[in-house]
file run_16.cif (mmCIF, C-alpha atoms and all ligand atoms)
data_model
loop_
_atom_site.label_atom_id
_atom_site.label_comp_id
_atom_site.auth_asym_id
_atom_site.auth_seq_id
_atom_site.Cartn_x
_atom_site.Cartn_y
_atom_site.Cartn_z
CA MET A 1 0.68 -7.44 4.46
CA LYS A 2 2.76 -4.32 3.89
CA TYR A 3 2.02 -1.84 1.13
CA TRP A 4 4.22 -0.01 -1.34
CA SER A 5 3.56 1.96 -4.49
CA TYR A 6 5.59 4.34 -6.56
CA SER A 7 3.34 7.26 -5.60
CA ARG A 8 3.53 6.40 -1.89
CA SER A 9 7.28 6.31 -2.05
CA ARG A 10 7.54 9.64 -3.84
CA LEU A 11 5.07 11.37 -1.59
CA PHE A 12 7.01 10.30 1.48
CA LYS A 13 10.20 11.84 0.07
CA TYR A 14 8.34 14.97 -0.92
CA CYS A 15 6.58 15.61 2.36
CA PRO A 16 6.36 12.93 5.07
CA ARG A 17 3.47 14.78 6.73
CA ALA A 18 1.39 14.72 3.53
CA TYR A 19 2.16 11.00 3.33
CA TYR A 20 0.94 10.61 6.91
CA TYR A 21 -2.32 12.43 6.11
CA ARG A 22 -2.92 10.42 2.97
CA TYR A 23 -1.91 6.93 3.99
CA LEU A 24 -1.55 6.51 7.74
CA LEU A 25 -3.99 8.62 9.68
CA ARG A 26 -6.85 6.41 10.87
CA ASN A 27 -9.80 6.31 13.23
CA SER A 28 -10.10 9.93 14.32
CA ASP A 29 -11.91 13.12 13.36
CA GLU A 30 -8.70 14.36 11.80
CA ALA A 31 -8.46 11.16 9.77
CA HIS A 32 -11.97 11.75 8.50
CA ARG A 33 -11.07 15.29 7.47
CA ALA A 34 -7.89 14.08 5.77
CA ARG A 35 -9.90 11.53 3.81
CA VAL A 36 -12.33 14.22 2.63
CA LEU A 37 -9.51 16.64 1.72
CA GLY A 38 -7.64 13.85 -0.06
CA ASN A 39 -10.27 14.07 -2.80
CA LEU A 40 -8.86 17.42 -3.90
CA THR A 41 -6.62 17.48 -6.90
CA THR A 42 -4.83 20.09 -8.97
CA LEU A 43 -5.70 21.31 -12.41
CA GLN A 44 -2.47 19.81 -13.78
CA MET A 45 -3.38 16.45 -12.29
CA ALA A 46 -6.97 16.72 -13.48
CA ALA A 47 -5.69 17.45 -17.00
CA GLY A 48 -3.52 14.30 -16.92
CA GLY A 49 -6.47 12.32 -15.58
CA ALA A 50 -8.71 13.62 -18.37
CA VAL A 51 -6.18 12.49 -20.99
CA ASP A 52 -5.89 9.02 -19.41
CA PHE A 53 -9.66 8.70 -19.15
CA VAL A 54 -10.38 9.62 -22.78
CA ILE A 55 -7.64 7.29 -24.03
CA SER A 56 -8.85 4.37 -21.93
CA ARG A 57 -12.43 4.88 -23.19
CA THR A 58 -11.14 5.04 -26.75
CA LEU A 59 -9.22 1.80 -26.34
CA ALA A 60 -12.23 0.11 -24.74
CA ALA A 61 -14.56 1.24 -27.54
CA TRP A 62 -12.23 -0.27 -30.13
CA ARG A 63 -11.70 -3.49 -28.22
CA ASP A 64 -15.33 -4.06 -27.20
CA LYS A 65 -17.27 -2.70 -30.20
CA GLY A 66 -14.75 -2.21 -32.98
CA GLU A 67 -15.60 1.48 -32.83
CA LEU A 68 -12.84 3.92 -33.81
CA LYS A 69 -13.53 7.08 -31.81
CA THR A 70 -12.46 10.34 -33.39
CA ASP A 71 -12.17 14.02 -32.44
CA LEU A 72 -10.65 13.05 -29.13
CA ASP A 73 -9.33 16.56 -28.61
CA GLU A 74 -12.91 17.86 -28.54
CA VAL A 75 -13.96 15.10 -26.14
CA GLY A 76 -11.02 15.99 -23.89
CA GLU A 77 -11.79 19.69 -24.05
CA ARG A 78 -15.39 19.09 -22.98
CA LEU A 79 -14.22 16.92 -20.10
CA ILE A 80 -11.60 19.30 -18.70
CA ARG A 81 -13.96 22.29 -19.04
CA ARG A 82 -16.60 20.32 -17.16
CA ILE A 83 -14.10 19.56 -14.40
CA ILE A 84 -13.30 23.27 -14.12
CA ALA A 85 -16.99 24.26 -14.15
CA GLU A 86 -18.20 21.67 -11.63
CA SER A 87 -15.33 21.88 -9.17
CA PRO A 88 -16.57 25.00 -7.30
CA HIS A 89 -19.91 23.29 -6.61
CA THR A 90 -18.29 20.12 -5.29
CA VAL A 91 -15.85 22.18 -3.24
CA ASP A 92 -18.72 24.19 -1.72
CA ALA A 93 -20.18 20.96 -0.46
CA MET A 94 -16.77 19.97 0.93
CA ARG A 95 -16.12 23.16 2.87
CA ASN A 96 -17.15 21.56 6.08
CA CYS A 97 -14.83 18.60 5.88
CA ASP A 98 -16.13 17.22 9.17
CA GLN A 99 -18.91 15.82 7.04
CA ASP A 100 -18.59 13.12 4.43
CA ALA A 101 -17.20 14.12 1.05
CA PRO A 102 -19.98 14.95 -1.40
CA LYS A 103 -20.67 12.39 -4.09
CA TYR A 104 -19.10 13.30 -7.39
CA ASP A 105 -18.20 11.54 -10.61
CA ARG A 106 -14.64 10.36 -10.06
CA HIS A 107 -13.70 11.75 -13.47
CA LEU A 108 -14.81 15.22 -12.36
CA PRO A 109 -12.62 15.71 -9.27
CA PRO A 110 -12.77 18.86 -7.11
CA LEU A 111 -9.79 21.18 -7.44
CA ALA A 112 -7.59 22.22 -4.52
CA SER A 113 -7.28 25.68 -6.10
CA ASP A 114 -11.04 26.20 -5.64
CA PHE A 115 -10.98 24.89 -2.10
CA TYR A 116 -8.09 27.17 -1.09
CA ASN A 117 -9.24 30.14 -3.20
CA ILE A 118 -6.17 30.14 -5.38
CA ASP A 119 -6.54 32.17 -8.54
CA LEU A 120 -5.02 30.03 -11.28
CA GLY A 121 -5.53 32.76 -13.86
CA ALA A 122 -7.24 32.44 -17.23
CA GLU A 123 -3.98 32.03 -19.12
CA PHE A 124 -2.83 29.06 -17.05
CA THR A 125 -6.27 27.47 -17.11
CA GLU A 126 -6.44 27.74 -20.90
CA ARG A 127 -2.92 26.32 -21.13
CA MET A 128 -4.11 23.20 -19.32
CA VAL A 129 -7.16 22.91 -21.59
CA THR A 130 -4.88 23.22 -24.62
CA ARG A 131 -2.54 20.61 -23.20
CA VAL A 132 -5.37 18.09 -22.89
CA MET A 133 -6.43 18.79 -26.47
CA GLN A 134 -2.87 18.55 -27.79
CA CYS A 135 -2.19 15.27 -26.01
CA LEU A 136 -5.35 13.66 -27.32
CA HIS A 137 -4.77 14.96 -30.82
CA THR A 138 -1.25 13.49 -30.72
CA PHE A 139 -2.61 10.16 -29.49
CA GLU A 140 -5.35 9.99 -32.13
CA GLN A 141 -3.11 10.91 -35.04
CA GLY A 142 0.02 9.15 -33.83
CA GLU A 143 1.70 5.96 -34.91
CA ILE A 144 1.38 4.26 -31.53
CA TRP A 145 -2.41 4.06 -31.50
CA GLU A 146 -2.29 2.60 -35.02
CA ARG A 147 0.26 0.03 -33.83
CA LEU A 148 -1.82 -1.00 -30.83
CA ARG A 149 -4.80 -1.64 -33.11
CA GLY A 150 -2.53 -3.56 -35.48
CA PHE A 151 -1.34 -5.92 -32.73
CA GLY A 152 -4.94 -7.00 -32.15
CA CYS A 153 -6.99 -6.68 -28.99
CA SER A 154 -6.28 -10.28 -27.96
CA THR A 155 -2.74 -9.18 -27.11
CA TRP A 156 -3.91 -6.38 -24.83
CA GLY A 157 -3.88 -6.65 -21.07
CA PRO A 158 -6.75 -5.36 -18.91
CA LEU A 159 -7.43 -1.64 -19.16
CA VAL A 160 -6.90 -0.39 -15.65
CA GLN A 161 -9.44 2.45 -15.77
CA VAL A 162 -12.13 0.41 -17.49
CA ASP A 163 -11.81 -3.23 -16.47
CA LEU A 164 -10.43 -3.33 -12.98
CA GLU A 165 -12.14 -2.45 -9.73
CA ARG A 166 -8.86 -2.59 -7.85
CA MET A 167 -5.39 -1.50 -8.78
CA PRO A 168 -3.16 -4.22 -10.20
CA PHE A 169 -0.46 -5.36 -7.82
CA PHE A 170 2.19 -7.99 -7.32
CA THR A 171 3.50 -9.48 -4.12
CA LEU A 172 7.13 -9.23 -3.16
CA ASN A 173 8.60 -11.73 -0.68
CA ARG A 174 5.04 -12.89 0.04
CA CYS A 175 4.46 -9.94 2.33
CA ILE A 176 4.77 -6.68 0.38
CA ARG A 177 1.89 -5.71 -1.84
CA VAL A 178 3.23 -3.48 -4.61
CA SER A 179 0.61 -1.52 -6.58
CA ALA A 180 1.25 -0.90 -10.27
CA ALA A 181 -1.08 1.66 -11.84
CA TYR A 182 0.14 1.07 -15.37
CA ASP A 183 -1.74 2.55 -18.33
CA PHE A 184 -1.47 -0.12 -21.01
CA ALA A 185 -0.06 -3.66 -21.21
CA LEU A 186 0.50 -5.82 -24.26
CA LYS A 187 1.64 -9.46 -24.51
CA LEU A 188 3.31 -10.51 -27.75
CA ASP A 189 4.91 -13.90 -28.50
CA SER A 190 8.23 -13.28 -26.87
CA THR A 191 7.85 -9.91 -25.16
CA VAL A 192 5.57 -8.05 -22.77
CA HIS A 193 5.12 -4.30 -23.22
CA ILE A 194 4.05 -1.61 -20.80
CA VAL A 195 3.05 1.78 -22.17
CA ASP A 196 2.46 4.82 -20.00
CA TRP A 197 0.81 7.96 -21.38
CA LYS A 198 2.42 11.18 -20.19
CA ALA A 199 0.53 14.46 -20.40
CA GLY A 200 3.16 16.49 -18.55
CA LEU A 201 6.18 18.25 -19.94
CA HIS A 202 9.31 16.37 -20.87
CA SER A 203 12.23 17.28 -18.56
CA GLU A 204 15.28 15.57 -17.14
CA ARG A 205 13.54 15.02 -13.84
CA ALA A 206 10.33 13.85 -15.51
CA LEU A 207 12.34 11.36 -17.58
CA ARG A 208 14.06 10.01 -14.47
CA ASP A 209 10.75 9.70 -12.64
CA ALA A 210 9.17 7.96 -15.62
CA SER A 211 12.04 5.48 -15.74
CA ASP A 212 11.62 4.65 -12.03
CA GLN A 213 7.88 4.34 -12.39
CA LEU A 214 8.04 2.15 -15.49
CA THR A 215 10.53 -0.14 -13.78
CA VAL A 216 7.91 -0.87 -11.10
CA TYR A 217 5.31 -1.53 -13.79
CA GLY A 218 7.82 -3.74 -15.59
CA LEU A 219 8.26 -5.78 -12.41
CA TRP A 220 4.50 -6.13 -12.25
CA ALA A 221 4.41 -7.30 -15.89
CA ALA A 222 7.09 -9.95 -15.28
CA ALA A 223 5.15 -11.24 -12.25
CA GLU A 224 1.72 -11.03 -13.86
CA TYR A 225 2.65 -12.73 -17.14
CA ARG A 226 5.21 -15.03 -15.50
CA VAL A 227 7.95 -14.06 -17.90
CA PRO A 228 11.66 -13.32 -17.37
CA ILE A 229 12.43 -9.70 -16.70
CA GLU A 230 14.57 -9.62 -19.87
CA THR A 231 11.46 -10.00 -22.01
CA VAL A 232 9.74 -6.90 -20.61
CA ARG A 233 9.73 -3.67 -22.63
CA THR A 234 8.50 -0.27 -21.44
CA GLN A 235 7.79 3.09 -23.02
CA ALA A 236 6.71 6.44 -21.64
CA VAL A 237 4.78 8.22 -24.37
CA TRP A 238 5.12 12.00 -24.04
CA LEU A 239 1.93 13.15 -25.71
CA SER A 240 2.46 16.88 -25.25
CA GLU A 241 5.75 16.78 -27.16
CA GLY A 242 5.03 16.15 -30.82
CA ALA A 243 4.36 12.78 -32.40
CA PRO A 244 5.97 9.89 -30.51
CA ILE A 245 6.78 6.69 -32.33
CA TRP A 246 6.60 3.11 -31.07
CA ASN A 247 9.90 2.66 -29.30
CA PRO A 248 9.65 0.31 -26.28
CA GLN A 249 12.92 -0.32 -24.50
CA PRO A 250 14.08 -3.40 -22.58
CA LEU A 251 13.77 -3.10 -18.84
CA ASN A 252 17.16 -2.44 -17.32
CA PRO A 253 17.84 -5.53 -15.11
CA ASP A 254 20.15 -3.58 -12.82
CA LEU A 255 17.52 -0.92 -12.30
CA ALA A 256 14.91 -3.63 -11.72
CA SER A 257 17.09 -5.26 -9.09
CA GLU A 258 17.83 -1.89 -7.42
CA THR A 259 14.10 -1.15 -7.40
CA VAL A 260 13.32 -4.43 -5.63
CA ASP A 261 15.99 -3.63 -3.03
CA ARG A 262 14.65 -0.13 -2.60
CA ILE A 263 11.08 -1.33 -2.08
CA GLN A 264 12.24 -3.78 0.58
CA GLN A 265 14.37 -1.16 2.28
CA GLU A 266 11.63 1.47 2.33
CA VAL A 267 9.12 -1.01 3.71
CA ALA A 268 11.61 -2.03 6.42
CA GLU A 269 12.20 1.64 7.29
CA GLU A 270 8.46 2.19 7.51
CA GLN A 271 8.26 -0.63 10.05
CA THR A 272 10.84 1.09 12.25
CA ARG A 273 8.65 4.20 12.39
CA LEU A 274 5.66 2.27 13.71
CA ILE A 275 5.17 1.62 17.41
CA PRO A 276 4.25 -1.98 18.29
CA VAL A 277 1.54 -2.30 20.93
CA ARG A 278 0.79 -5.72 22.42
CA ASN A 279 -2.73 -6.43 23.63
CA PRO A 280 -2.21 -8.09 27.03
CA ASP A 281 -5.39 -10.16 26.71
CA SER A 282 -5.03 -11.51 23.20
CA ASN A 283 -1.26 -11.09 22.94
CA VAL A 284 -1.87 -9.70 19.45
CA VAL A 285 0.53 -6.98 18.35
CA SER A 286 -0.87 -3.96 16.51
CA TYR A 287 1.02 -0.89 15.35
CA GLU A 288 0.49 2.76 16.17
CA VAL A 289 1.69 5.67 14.12
CA ASP A 290 3.72 8.45 15.70
CA PRO A 291 3.05 11.65 13.71
CA SER A 292 6.42 13.07 14.75
CA ALA A 293 8.06 10.39 12.60
CA TYR A 294 6.40 12.08 9.62
CA PRO A 295 7.50 15.73 9.88
CA PRO A 296 6.15 18.44 7.60
CA ASN A 297 8.45 19.56 4.81
CA PRO A 298 6.96 22.92 3.93
CA SER A 299 7.73 25.10 0.95
CA THR A 300 5.40 27.63 -0.59
CA SER A 301 5.16 25.86 -3.91
CA ARG A 302 4.51 22.54 -2.17
CA CYS A 303 1.98 23.76 0.36
CA LEU A 304 -0.09 26.15 -1.75
CA GLU A 305 -2.13 23.45 -3.42
CA CYS A 306 -1.50 20.64 -0.97
CA PRO A 307 -4.92 19.13 -0.27
CA PHE A 308 -4.05 18.74 3.42
CA ARG A 309 -3.05 22.34 4.18
CA LYS A 310 -6.26 22.89 6.14
CA LEU A 311 -4.98 20.32 8.64
CA CYS A 312 -1.32 21.28 8.58
CA PRO A 313 -0.12 24.20 10.75
CA ALA A 314 3.32 24.20 9.08
CA GLY A 315 1.74 24.54 5.65
CA GLN A 316 -0.54 27.33 6.87
CA VAL A 317 2.42 29.28 8.27
CA GLU A 318 4.35 28.69 5.07
CA CYS A 319 1.56 30.13 2.93
CA ALA A 320 0.54 32.93 5.30
CA HIS A 321 2.86 35.42 3.60
CA VAL A 322 1.41 34.76 0.15
CA SER A 323 -0.89 37.75 -0.23
CA THR A 324 -2.43 36.85 -3.59
CA PRO A 325 -2.19 33.10 -3.74
CA ARG A 326 -1.50 31.78 -7.15
CA ALA A 327 -0.74 28.22 -8.02
CA SER A 328 2.84 27.22 -8.56
CA ARG A 329 3.52 26.46 -12.19
CA THR A 330 6.41 24.19 -11.36
CA THR A 331 5.39 22.08 -8.40
CA PRO A 332 5.15 18.43 -9.37
CA ASP A 333 1.92 18.46 -7.39
CA LYS A 334 0.90 15.15 -8.84
CA LEU A 335 2.75 13.81 -5.83
CA LEU A 336 0.46 15.47 -3.40
CA THR A 337 -2.77 14.53 -5.06
CA GLN A 338 -2.03 11.10 -6.35
CA SER A 339 -3.26 8.20 -4.32
CA SER A 340 -1.88 4.73 -4.66
CA ARG A 341 -5.22 3.82 -6.20
S1 LIG B 401 0.78 21.72 3.71
FE1 LIG B 401 2.96 21.57 3.15
S2 LIG B 401 4.04 20.81 4.94
FE2 LIG B 401 1.84 20.44 5.23
S3 LIG B 401 1.47 18.37 4.51
FE3 LIG B 401 1.09 19.71 2.79
S4 LIG B 401 3.04 19.85 1.68
FE4 LIG B 401 3.48 19.01 3.72
#
call {"tool": "encode", "arguments": {"input": "run_16.cif", "output": "structure tokens"}}
result
Amino acid sequence: MKYWSYSRSRLFKYCPRAYYYRYLLRNSDEAHRARVLGNLTTLQMAAGGAVDFVISRTLAAWRDKGELKTDLDEVGERLIRRIIAESPHTVDAMRNCDQDAPKYDRHLPPLASDFYNIDLGAEFTERMVTRVMQCLHTFEQGEIWERLRGFGCSTWGPLVQVDLERMPFFTLNRCIRVSAAYDFALKLDSTVHIVDWKAGLHSERALRDASDQLTVYGLWAAAEYRVPIETVRTQAVWLSEGAPIWNPQPLNPDLASETVDRIQQEVAEEQTRLIPVRNPDSNVVSYEVDPSAYPPNPSTSRCLECPFRKLCPAGQVECAHVSTPRASRTTPDKLLTQSSR
């Protein structure tokens, strides 16, 4: 079985070496260190995770107990402040990454900025706290949450963060396992809807990325519910930008078809980078990874908070000139910290 996910694909384009550390390195001391470091995330990513977590708990409480949770902004604020407060302790225990990663609540991830002694600054930190609060306030007060309740819980698909141990996936050509970490799915009489909560800022690039990502989730929905692609609707809900309304759009069939082609092509290209090794006794072929096929793609903004910098000489050189390290405010560092789940 071959593996593909939207986040894998994006990370490869962003920095092949980070992709190698996250997904390919196996069976070595360095692999162990990469696995430990891969737990690090950024404050921006942690803020998005906090929003997703509070929303999924809110949905579950309504579905399972009929309980309408309120004051979500306060719940989110407590969570993100706890992440910020607990991160230095978890990071302390991670300093020696030859050892196993310390146990921590997966909703309280350690921050790369603490690990690499990056001063995020009080203003930026508070901005992230405010973003979490704003997003959750928008969700709680907004029309979409009211709509989802109105459709009835029997129409809802599984809640990924609450119900599923493993990421949802579909299989392409019987040999490519495509992960689809969607946020919310809904099956109505003649349509299937995928909703994705967005805590980041709305930009042209973010819109394009969201469209690509939702197309993959739409493909999952068509496969999962066994419905034609034309019946799938998707919506990215930008929670930090005012009060979004319910406005799911049909999946673009051309984009869906291009996405399928792209997945197949990227998986085929990945195969060409692997070195087949035949065991002379069993005649079984296994594959080895050549790190030189995954070169580093350093830039200061990319490398500063990259979880793998401790392992990456190119990233260390890139950041050596930064005298007072401060986190980039623009790096889409979600790429570097997001696993395929
Ligand atoms: S430190 Fe920089 S070059 Fe190295 S893996 Fe990370 S992003 Fe890539």
call {"tool": "residues_around", "arguments": {"input": "run_16.cif", "residues": "A:Glu74", "least_positions_apart": "3", "cutoff": "9 Å", "atoms": "all atoms listed in the file", "output": "PDB file with C-alpha atoms, in the frame of the given file"}}
result
ATOM      1  CA  THR A  70     -12.460  10.340 -33.390  1.00  0.00           C
ATOM      2  CA  ASP A  71     -12.170  14.020 -32.440  1.00  0.00           C
ATOM      3  CA  GLU A  77     -11.790  19.690 -24.050  1.00  0.00           C
ATOM      4  CA  ARG A  78     -15.390  19.090 -22.980  1.00  0.00           C
ATOM      5  CA  LEU A  79     -14.220  16.920 -20.100  1.00  0.00           C
ATOM      6  CA  MET A 133      -6.430  18.790 -26.470  1.00  0.00           C
ATOM      7  CA  LEU A 136      -5.350  13.660 -27.320  1.00  0.00           C
ATOM      8  CA  HIS A 137      -4.770  14.960 -30.820  1.00  0.00           C
TER       9      HIS A 137
END
call {"tool": "residues_near_ligand", "arguments": {"input": "run_16.cif", "ligand": "ligand LIG 401 (chain B)", "cutoff": "9 Å", "atoms": "all atoms listed in the file", "output": "number ranges by chain"}}
result
A: 14-21, 295-319, 336
call {"tool": "atom_distance", "arguments": {"input": "run_16.cif", "atom1": "atom CA of A:Ala206", "atom2": "atom CA of A:Glu165"}}
result
28.4 Å
call {"tool": "residues_around", "arguments": {"input": "run_16.cif", "residues": "stretch 37-52 of chain A", "least_positions_apart": "3", "cutoff": "8 Å", "atoms": "all atoms listed in the file", "output": "number ranges by chain"}}
result
A: 22, 33-34, 55-56, 76, 79-80, 83, 97, 101, 107, 109-113, 115, 125, 128-129, 131-132, 135-136, 183, 197-200, 305, 307-308, 333-334, 337-338
call {"tool": "write_last_selection", "arguments": {"input": "run_16.cif", "atoms": "C-alpha atoms", "output": "PDB file, in the frame of the given file"}}
result
ATOM      1  CA  ARG A  22      -2.920  10.420   2.970  1.00  0.00           C
ATOM      2  CA  ARG A  33     -11.070  15.290   7.470  1.00  0.00           C
ATOM      3  CA  ALA A  34      -7.890  14.080   5.770  1.00  0.00           C
ATOM      4  CA  ILE A  55      -7.640   7.290 -24.030  1.00  0.00           C
ATOM      5  CA  SER A  56      -8.850   4.370 -21.930  1.00  0.00           C
ATOM      6  CA  GLY A  76     -11.020  15.990 -23.890  1.00  0.00           C
ATOM      7  CA  LEU A  79     -14.220  16.920 -20.100  1.00  0.00           C
ATOM      8  CA  ILE A  80     -11.600  19.300 -18.700  1.00  0.00           C
ATOM      9  CA  ILE A  83     -14.100  19.560 -14.400  1.00  0.00           C
ATOM     10  CA  CYS A  97     -14.830  18.600   5.880  1.00  0.00           C
ATOM     11  CA  ALA A 101     -17.200  14.120   1.050  1.00  0.00           C
ATOM     12  CA  HIS A 107     -13.700  11.750 -13.470  1.00  0.00           C
ATOM     13  CA  PRO A 109     -12.620  15.710  -9.270  1.00  0.00           C
ATOM     14  CA  PRO A 110     -12.770  18.860  -7.110  1.00  0.00           C
ATOM     15  CA  LEU A 111      -9.790  21.180  -7.440  1.00  0.00           C
ATOM     16  CA  ALA A 112      -7.590  22.220  -4.520  1.00  0.00           C
ATOM     17  CA  SER A 113      -7.280  25.680  -6.100  1.00  0.00           C
ATOM     18  CA  PHE A 115     -10.980  24.890  -2.100  1.00  0.00           C
ATOM     19  CA  THR A 125      -6.270  27.470 -17.110  1.00  0.00           C
ATOM     20  CA  MET A 128      -4.110  23.200 -19.320  1.00  0.00           C
ATOM     21  CA  VAL A 129      -7.160  22.910 -21.590  1.00  0.00           C
ATOM     22  CA  ARG A 131      -2.540  20.610 -23.200  1.00  0.00           C
ATOM     23  CA  VAL A 132      -5.370  18.090 -22.890  1.00  0.00           C
ATOM     24  CA  CYS A 135      -2.190  15.270 -26.010  1.00  0.00           C
ATOM     25  CA  LEU A 136      -5.350  13.660 -27.320  1.00  0.00           C
ATOM     26  CA  ASP A 183      -1.740   2.550 -18.330  1.00  0.00           C
ATOM     27  CA  TRP A 197       0.810   7.960 -21.380  1.00  0.00           C
ATOM     28  CA  LYS A 198       2.420  11.180 -20.190  1.00  0.00           C
ATOM     29  CA  ALA A 199       0.530  14.460 -20.400  1.00  0.00           C
ATOM     30  CA  GLY A 200       3.160  16.490 -18.550  1.00  0.00           C
ATOM     31  CA  GLU A 305      -2.130  23.450  -3.420  1.00  0.00           C
ATOM     32  CA  PRO A 307      -4.920  19.130  -0.270  1.00  0.00           C
ATOM     33  CA  PHE A 308      -4.050  18.740   3.420  1.00  0.00           C
ATOM     34  CA  ASP A 333       1.920  18.460  -7.390  1.00  0.00           C
ATOM     35  CA  LYS A 334       0.900  15.150  -8.840  1.00  0.00           C
ATOM     36  CA  THR A 337      -2.770  14.530  -5.060  1.00  0.00           C
ATOM     37  CA  GLN A 338      -2.030  11.100  -6.350  1.00  0.00           C
TER      38      GLN A 338
END
call {"tool": "atom_distance", "arguments": {"input": "run_16.cif", "atom1": "atom CA of A:Gln134", "atom2": "atom CA of A:Leu72"}}
result
9.6 Å
call {"tool": "build_atoms", "arguments": {"input": "run_16.cif", "residues": "stretch 276-293 of chain A", "atoms": "N, CA and C atoms", "output": "tab-separated table (two decimals), keeping the file's coordinate frame"}}
result
chain	number	residue	atom	x	y	z
A	276	PRO	N	5.02	-0.75	18.01
A	276	PRO	CA	4.25	-1.98	18.29
A	276	PRO	C	3.55	-1.89	19.65
A	277	VAL	N	2.31	-2.30	19.67
A	277	VAL	CA	1.54	-2.30	20.93
A	277	VAL	C	0.93	-3.69	21.10
A	278	ARG	N	1.30	-4.35	22.19
A	278	ARG	CA	0.79	-5.72	22.42
A	278	ARG	C	-0.46	-5.68	23.30
A	279	ASN	N	-1.51	-6.32	22.82
A	279	ASN	CA	-2.73	-6.43	23.63
A	279	ASN	C	-2.50	-7.50	24.70
A	280	PRO	N	-2.56	-7.12	25.98
A	280	PRO	CA	-2.21	-8.09	27.03
A	280	PRO	C	-3.18	-9.27	27.08
A	281	ASP	N	-4.42	-9.06	26.64
A	281	ASP	CA	-5.39	-10.16	26.71
A	281	ASP	C	-5.19	-11.15	25.57
A	282	SER	N	-5.12	-10.60	24.35
A	282	SER	CA	-5.03	-11.51	23.20
A	282	SER	C	-3.59	-11.78	22.78
A	283	ASN	N	-2.68	-10.97	23.31
A	283	ASN	CA	-1.26	-11.09	22.94
A	283	ASN	C	-1.01	-10.69	21.48
A	284	VAL	N	-2.02	-10.11	20.85
A	284	VAL	CA	-1.87	-9.70	19.45
A	284	VAL	C	-1.15	-8.35	19.41
A	285	VAL	N	-0.22	-8.24	18.47
A	285	VAL	CA	0.53	-6.98	18.35
A	285	VAL	C	-0.10	-6.14	17.23
A	286	SER	N	-0.43	-4.90	17.57
A	286	SER	CA	-0.87	-3.96	16.51
A	286	SER	C	0.15	-2.82	16.50
A	287	TYR	N	0.02	-1.95	15.51
A	287	TYR	CA	1.02	-0.89	15.35
A	287	TYR	C	0.35	0.48	15.40
A	288	GLU	N	0.98	1.39	16.12
A	288	GLU	CA	0.49	2.76	16.17
A	288	GLU	C	1.44	3.65	15.40
A	289	VAL	N	0.89	4.75	14.92
A	289	VAL	CA	1.69	5.67	14.12
A	289	VAL	C	2.03	6.89	14.96
A	290	ASP	N	3.29	7.25	14.98
A	290	ASP	CA	3.72	8.45	15.70
A	290	ASP	C	3.87	9.57	14.67
A	291	PRO	N	2.99	10.60	14.74
A	291	PRO	CA	3.05	11.65	13.71
A	291	PRO	C	4.41	12.34	13.65
A	292	SER	N	5.14	12.37	14.78
A	292	SER	CA	6.42	13.07	14.75
A	292	SER	C	7.45	12.36	13.86
A	293	ALA	N	7.16	11.10	13.53
A	293	ALA	CA	8.06	10.39	12.60
A	293	ALA	C	7.79	10.80	11.16
